[in-house]
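> Here it is, the structure, as C-alpha cells.
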Amino acid sequence: MRWALVKVSVAVTAMVVVAFAVPLGLVIREMARDRAFSNAEREAAAVAPALSITTDRDQLERVVASAGSDAAMAVHIPVGADAEPLDIGRRRATAEDIEAVRKLGRASTSKVSGGSTLLQPVALSSGEIAVVEVFVPEAEVTNGVGTAWAVLAGVGVALILGSVAVADRLGVRMVRPARRLVEGAHELGEGKLGARVPEKGPTELRLAAVAFNSMADQVVQLLANERELAADLSHRLRTPLTVLRLNAASLGDGPAAEQTRAAVEQLEREVDTIIRTARDAKPQTAAAGPGAGCDAAEVVRERMAFWSALAEDEGRKWRVAGADAPVRIPVARADLAAALDALLGNVFRHTAEGTAFAVDLHNGEDAVIVLVSDAGPGIPDPETAMARGRGSGSDGSTGLGLDIVRRLAEATGGDVRIGSSVLGGTEVRVWIQLDGREGAPRGQYGRGRGHRGAVRRRRPGRLIPTFRS
C-alpha cells in the first residue's frame with residue numbers, strides 16, 4: 001500500500017508538472033523572441049525620421065551608428081529619378097525579401113545565417129520606400145530561455161520529490177496501523193490472548209483496531225468462562241466422589257469392594273487432572289460488580305444441610321454459627337458454594353471418621369470472614385499447604401480446593417489464612433473484602449489489628465456451642 005501510494009503520487013504530480021511546465025516553457029520562449037524583435041523594431045524606428053528628411057549617406061551613417069550598430073543594421077534606399085541606389089551597412093536579407101517588403105509596405109522577418117532579420121519599410125520624402133534591416137542573432141532570441149527552463153525543471157522535480165515524501169508519510173500513517181493490526185491478529189491466532197492493537201491512525205483503521213480489541217476481549221472472556229465452567233463443574237464432581245469414596249470404604253473386603261474402591265480412586269484422579277488442566281491457564285477471576293453477590297448465610301446453611309447427612313453417617317459432630325441473619329457479600333452464589341464444598345470436602349477427606357468440624361460466619365463493617373474448623377490432626381506447615389494451593393505441591397493432595405478458595409478471596413481484595421483452630425485441628429480463614437479494596441489484614445486472623453471494621457475471633461470459651469450429631 002505504501003509503495004502504491006508513492007507511485008500514484010509520482011504519476012499524478014508528474015502529469016500536473018508536465019501540464020503546466022510545457023506550456024509555460026513555450027510561453028517563455030515566445031516572450032524572449034518577442035522581446036528581441038521588439039528591440040529590433042525600436043532600433044529601426046530610430047532611423048525612420050532621418051530617412052524621411054534626407055538620404056545623404058554621411059548623415060544616415062551617423063544616424064545608423066547612433067541607433068544601433070553597422071554590423072547589426074542596414075539601410076536599403078531604392079533607385080529614384082533624382083537619387084542613386086544606396087546601401088548602408090551589411091546586407092543579410094536577400095534582394096527578393098527586401099523587394100517584397102517594399103512592395104507590400106509592411107514589416108516582416110526572414111531567416112538568415114546565424115539568426116533572423118527584421119525588415120522595416122520607411123517612406124522617403126520622394127515617395128519611394130526604403131527598407132531598414134536589423135539583424136537579430138539567435139542567441140538574443142533565446143536569451144534567458146535555457147535558464148527559465150532549468151528553473152521550471154527544478155521546480156517540477158522538487159514538486160515530485162515533495163509529493164513522494166508526503167505520500168510516503170501518508171503511506172506510513174496508513175500502513176503502520178494496518179501492520180499492527182495484522183501482527184495483533186497473528187499473535188491472537190498463535191494463542192497470545194493478551195495481544196491488543198493501539199487505537200491510532202486513520203478513522204477506518206482506528207475503528208478496525210477498536211473492533212479487534214473488542215473481539216480479543218470477548219475471546220478472552222469466553223475462554224475464561226469456559227475454563228472456569230470446566231474447572232468448577234469438575235471440582236463439584238468431587239463432592240459426590242467424596243461421598244462415594246467414603247461409602248466404598250465401608251463395603252468391607254472382597255473383589256467387588258476392591259474394584260469399586262479402585263474405580264473411585266481412578267475417577268477421582270481423572271477429575272483432578274481435568275480440574276488442573278482447566279485452571280492452569282485460567283486468568284484470575286474478577287470481583288463481582290456493584291449489585292452482584294449473594295447471601296453468605298443462606299449459602300452456608302444450604303451447604304451444611306448437604307454435608308450434615310454425610311457427617312451423621314460418619315458420626316461427626318458439627319455446628320454452624322453466625323448464619324442466622326443475612327450477610328451480603330460481593331461473590332457469586334455458585335463461587336461461594338464451590339469454595340465451601342472444597343473446604344468441607346478437605347475435612348472429610350483428610351480427617352478420620354468422628355472428627356468434629358464447624359463453620360463460623362463473622363460479619364464486619366468492611367469484611368466478612370468464613371471460618372472452617374476441625375478437630376483433626378491439623379496442618380504442620382500451613383505455608384506449604386497454601387503453596388500447594390497455588391499448584392506447587394504433589395504430596396497426594398492437589399491443592400485445587402485451596403486454589404478455588406484463594407481465587408475467590410483475592411478477587412474481592414481479601415485473602416486466605418491457615419492456622420490452628422480452638423477444636424485442636426486446622427482452621428481455614430477466608431477473608432472476603434466487602435468494598436473490594438486491597439489491604440485485608442495480614443497476620444494470623446488479624447489479631448491485634450484495631451482498624452475500623454476488623455472482625456475479631458471470639459474467645460475460645462465462646463467459640464464452640466453444643467455440637468449437633
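Residue numbering restarts at 1 for every chain of the C-alpha cells, chains are lettered A, B, ... in their displayed order, and ligands are numbered from 1 as they appear.
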For region 345-361 of chain A, find every residue with an atom within 7 Å (counting only C-alpha atoms), except residues of its own chain fewer than 3 positions away, and show them as a list in words.

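Contacts, with the query itself left out: Thr239, Thr242, Glu314, Gly315, Arg316, Lys317, Trp318, Arg319, Val320, Ala321, Gly322, Ala323, Asp341, Ala342, Ile369, Val370, Leu371, Val372, Ser373, Asp374, Ala375 and Gly376 of chain A.
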
> Which residues come within 6 Å of Gly115 (chain A), counting only C-alpha atoms, excluding same-chain residues fewer than 3 positions away, as a list in words?

Val112, Val136, Pro137 and Glu138 of chain A

> Looking at A:Asp313, A:Glu133, A:Asp87, A:Glu204, which one is nearest to Leu246 (chain A), with distances taken over only C-alpha atoms?

A:Asp313

> Write out as a PyMOL selection string each polymer residue whose atoms come within 6 Å of Ala297 (chain A), counting only C-alpha atoms; drop sequence neighbours fewer than 3 positions from it.

chain A and resi 300+323+326-327

> Using the selection just defined, write its residues with C-alpha atoms as an mmCIF file, in the first residue's frame.


```
data_model
loop_
_atom_site.group_PDB
_atom_site.id
_atom_site.type_symbol
_atom_site.label_atom_id
_atom_site.label_comp_id
_atom_site.auth_asym_id
_atom_site.auth_seq_id
_atom_site.Cartn_x
_atom_site.Cartn_y
_atom_site.Cartn_z
ATOM 1 C CA VAL A 300 -23.657 -21.670 54.396
ATOM 2 C CA ALA A 323 -25.552 -17.809 59.741
ATOM 3 C CA PRO A 326 -28.480 -12.323 56.087
ATOM 4 C CA VAL A 327 -24.862 -11.473 55.202
#
```
